[in-house]
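To be precise, the following lines are upload.pdb, and they hold PDB, C-alpha atoms, pLDDT in the B column.
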MODEL        1
ATOM      1  CA  MET A   1      -8.258  18.256   8.586  1.00 73.00           C
ATOM      2  CA  LYS A   2      -8.617  14.825   7.038  1.00 80.00           C
ATOM      3  CA  ARG A   3      -5.964  12.292   8.016  1.00 84.00           C
ATOM      4  CA  LEU A   4      -3.582  11.361   5.193  1.00 90.00           C
ATOM      5  CA  SER A   5      -3.820   7.853   3.778  1.00 89.00           C
ATOM      6  CA  PHE A   6      -1.233   5.979   1.748  1.00 92.00           C
ATOM      7  CA  LEU A   7      -1.357   2.796  -0.257  1.00 93.00           C
ATOM      8  CA  VAL A   8       1.616   0.429  -0.403  1.00 96.00           C
ATOM      9  CA  SER A   9       1.459  -2.112  -3.207  1.00 96.00           C
ATOM     10  CA  LEU A  10       3.748  -5.118  -2.831  1.00 96.00           C
ATOM     11  CA  THR A  11       4.225  -7.985  -5.246  1.00 95.00           C
ATOM     12  CA  ASN A  12       3.752 -10.631  -2.532  1.00 95.00           C
ATOM     13  CA  ASN A  13       4.101 -11.332   1.170  1.00 92.00           C
ATOM     14  CA  ASP A  14       6.012 -14.601   0.817  1.00 93.00           C
ATOM     15  CA  ASN A  15       9.560 -13.434   1.440  1.00 94.00           C
ATOM     16  CA  ASP A  16      11.464 -11.587   4.122  1.00 96.00           C
ATOM     17  CA  TYR A  17      12.094  -8.519   1.962  1.00 95.00           C
ATOM     18  CA  GLN A  18       8.417  -7.929   1.211  1.00 96.00           C
ATOM     19  CA  GLN A  19       7.462  -8.603   4.830  1.00 96.00           C
ATOM     20  CA  GLU A  20      10.072  -6.080   5.989  1.00 97.00           C
ATOM     21  CA  GLN A  21       8.759  -3.507   3.515  1.00 97.00           C
ATOM     22  CA  ALA A  22       5.242  -3.932   4.925  1.00 97.00           C
ATOM     23  CA  ALA A  23       6.459  -3.728   8.522  1.00 97.00           C
ATOM     24  CA  ALA A  24       8.504  -0.595   7.794  1.00 98.00           C
ATOM     25  CA  ALA A  25       5.519   1.071   6.094  1.00 97.00           C
ATOM     26  CA  GLU A  26       3.260   0.303   9.068  1.00 98.00           C
ATOM     27  CA  LYS A  27       5.850   1.494  11.585  1.00 98.00           C
ATOM     28  CA  THR A  28       6.457   4.717   9.670  1.00 97.00           C
ATOM     29  CA  ALA A  29       2.727   5.361   9.311  1.00 97.00           C
ATOM     30  CA  ARG A  30       2.255   5.002  13.077  1.00 97.00           C
ATOM     31  CA  ARG A  31       5.188   7.325  13.746  1.00 97.00           C
ATOM     32  CA  LEU A  32       3.843   9.973  11.364  1.00 96.00           C
ATOM     33  CA  GLY A  33       0.203   9.589  12.381  1.00 96.00           C
ATOM     34  CA  VAL A  34      -1.059   8.656   8.918  1.00 96.00           C
ATOM     35  CA  ASP A  35      -3.083   5.728   7.620  1.00 94.00           C
ATOM     36  CA  VAL A  36      -1.514   3.053   5.455  1.00 95.00           C
ATOM     37  CA  LYS A  37      -3.128   0.216   3.543  1.00 94.00           C
ATOM     38  CA  ILE A  38      -0.873  -2.556   2.304  1.00 96.00           C
ATOM     39  CA  ILE A  39      -1.955  -4.752  -0.570  1.00 96.00           C
ATOM     40  CA  GLN A  40      -0.139  -7.602  -2.286  1.00 96.00           C
ATOM     41  CA  ALA A  41      -0.635  -9.145  -5.699  1.00 96.00           C
ATOM     42  CA  ASN A  42       0.567 -12.756  -5.436  1.00 96.00           C
ATOM     43  CA  ASN A  43       3.433 -12.109  -7.897  1.00 96.00           C
ATOM     44  CA  ASP A  44       0.926 -11.155 -10.601  1.00 96.00           C
ATOM     45  CA  ALA A  45       1.841  -7.905 -12.381  1.00 96.00           C
ATOM     46  CA  LEU A  46      -1.546  -7.662 -14.084  1.00 97.00           C
ATOM     47  CA  LEU A  47      -3.369  -8.074 -10.768  1.00 97.00           C
ATOM     48  CA  GLN A  48      -1.128  -5.466  -9.181  1.00 96.00           C
ATOM     49  CA  SER A  49      -1.917  -3.014 -11.987  1.00 96.00           C
ATOM     50  CA  GLN A  50      -5.634  -3.682 -11.604  1.00 96.00           C
ATOM     51  CA  GLN A  51      -5.458  -3.214  -7.835  1.00 95.00           C
ATOM     52  CA  LEU A  52      -3.668   0.100  -8.216  1.00 93.00           C
ATOM     53  CA  LEU A  53      -6.112   1.296 -10.855  1.00 92.00           C
ATOM     54  CA  GLN A  54      -9.022   0.366  -8.598  1.00 92.00           C
ATOM     55  CA  TYR A  55      -7.636   2.413  -5.713  1.00 89.00           C
ATOM     56  CA  VAL A  56      -6.774   5.386  -7.893  1.00 86.00           C
ATOM     57  CA  GLN A  57     -10.286   5.432  -9.379  1.00 86.00           C
ATOM     58  CA  ASP A  58     -12.089   4.774  -6.100  1.00 83.00           C
ATOM     59  CA  SER A  59     -13.094   8.172  -4.756  1.00 59.00           C
ATOM     60  CA  SER A  60     -13.545   6.757  -1.243  1.00 59.00           C
ATOM     61  CA  MET A  61      -9.831   5.910  -1.008  1.00 53.00           C
ATOM     62  CA  ALA A  62      -8.075   9.172  -0.220  1.00 52.00           C
ATOM     63  CA  LEU A  63      -4.461   8.919  -1.301  1.00 51.00           C
ATOM     64  CA  GLY A  64      -3.563  12.186   0.344  1.00 52.00           C
ATOM     65  CA  SER A  65      -1.654  14.941  -1.334  1.00 49.00           C
ATOM     66  CA  ALA A  66       1.221  12.626  -2.274  1.00 50.00           C
ATOM     67  CA  GLY A  67      -0.783  10.512  -4.723  1.00 52.00           C
ATOM     68  CA  PRO A  68       0.498   7.159  -5.983  1.00 51.00           C
ATOM     69  CA  CYS A  69       4.143   6.452  -5.292  1.00 49.00           C
TER
ENDMDL
END

Encoding of this model in structure tokens:
Amino acid sequence: MKRLSFLVSLTNNDNDYQQEQAAAAEKTARRLGVDVKIIQANNDALLQSQQLLQYVQDSSMALGSAGPC
């Protein structure tokens, strides 16, 4: 069975809240035995939308059965 992969899209990595979100996602992924990729968009909503669209359309990035969250 293929290992589940999840994508976490954050607005930036410049503040404690966003850094904690990334750390919690990584910790949870390790605990559950799944892959996680964390991306950030430098506070640019358009860039974030483009990044998400790229991952959704990229057939090599398996989002697992959960899909985008």

Worksheet entry | Residues within 12 Å of A:Leu47, all atoms listed in the file, excluding chain neighbours under 6 positions, as a PyMOL selection string | chain A and resi 9-12+39-41+53-54

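For the residues A:Gln57, A:Phe6, A:Met1, A:Gln18, ranking by smallest atom-to-atom distance to A:Leu32 using all atoms listed in the file places A:Phe6 first.
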
Item to complete: Find the distance between atom CA of A:Leu4 and atom CA of A:Ala29 and write it in Å to one decimal.
Response: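 So the answer is 9.6 Å.
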
Anything within 9 Å of (0.2, 7.3, 8.7): list those residues as a PDB file with C-alpha atoms, in the coordinates of the input, counting only C-alpha atoms and sticking to the file's coordinates.
ATOM      1  CA  ARG A   3      -5.964  12.292   8.016  1.00 84.00           C
ATOM      2  CA  LEU A   4      -3.582  11.361   5.193  1.00 90.00           C
ATOM      3  CA  SER A   5      -3.820   7.853   3.778  1.00 89.00           C
ATOM      4  CA  PHE A   6      -1.233   5.979   1.748  1.00 92.00           C
ATOM      5  CA  ALA A  25       5.519   1.071   6.094  1.00 97.00           C
ATOM      6  CA  GLU A  26       3.260   0.303   9.068  1.00 98.00           C
ATOM      7  CA  LYS A  27       5.850   1.494  11.585  1.00 98.00           C
ATOM      8  CA  THR A  28       6.457   4.717   9.670  1.00 97.00           C
ATOM      9  CA  ALA A  29       2.727   5.361   9.311  1.00 97.00           C
ATOM     10  CA  ARG A  30       2.255   5.002  13.077  1.00 97.00           C
ATOM     11  CA  ARG A  31       5.188   7.325  13.746  1.00 97.00           C
ATOM     12  CA  LEU A  32       3.843   9.973  11.364  1.00 96.00           C
ATOM     13  CA  GLY A  33       0.203   9.589  12.381  1.00 96.00           C
ATOM     14  CA  VAL A  34      -1.059   8.656   8.918  1.00 96.00           C
ATOM     15  CA  ASP A  35      -3.083   5.728   7.620  1.00 94.00           C
ATOM     16  CA  VAL A  36      -1.514   3.053   5.455  1.00 95.00           C
TER      17      VAL A  36
END

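The spacing separating atom CA of A:Gln48 from atom CA of A:Lys2 amounts to 27.0 Å.
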
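Interatomic distance, atom CA of A:Asn43 to atom CA of A:Asp16: 14.5 Å.
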
Fill in: From A:Leu52, A:Asp58, A:Asn42, A:Gln19, residue lying nearest A:Leu7 [all atoms listed in the file]
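Smallest distance to A:Leu7 is found for A:Leu52.
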
Given 5 Å of margin on each side, can you work out the centre and size in Å (one decimal) of an axis-aligned box holding every listed atom of stretch 5-17 of chain A, as AutoDock Vina command-line options?
--center_x 4.1 --center_y -3.4 --center_z -0.6 --size_x 25.9 --size_y 32.5 --size_z 19.4
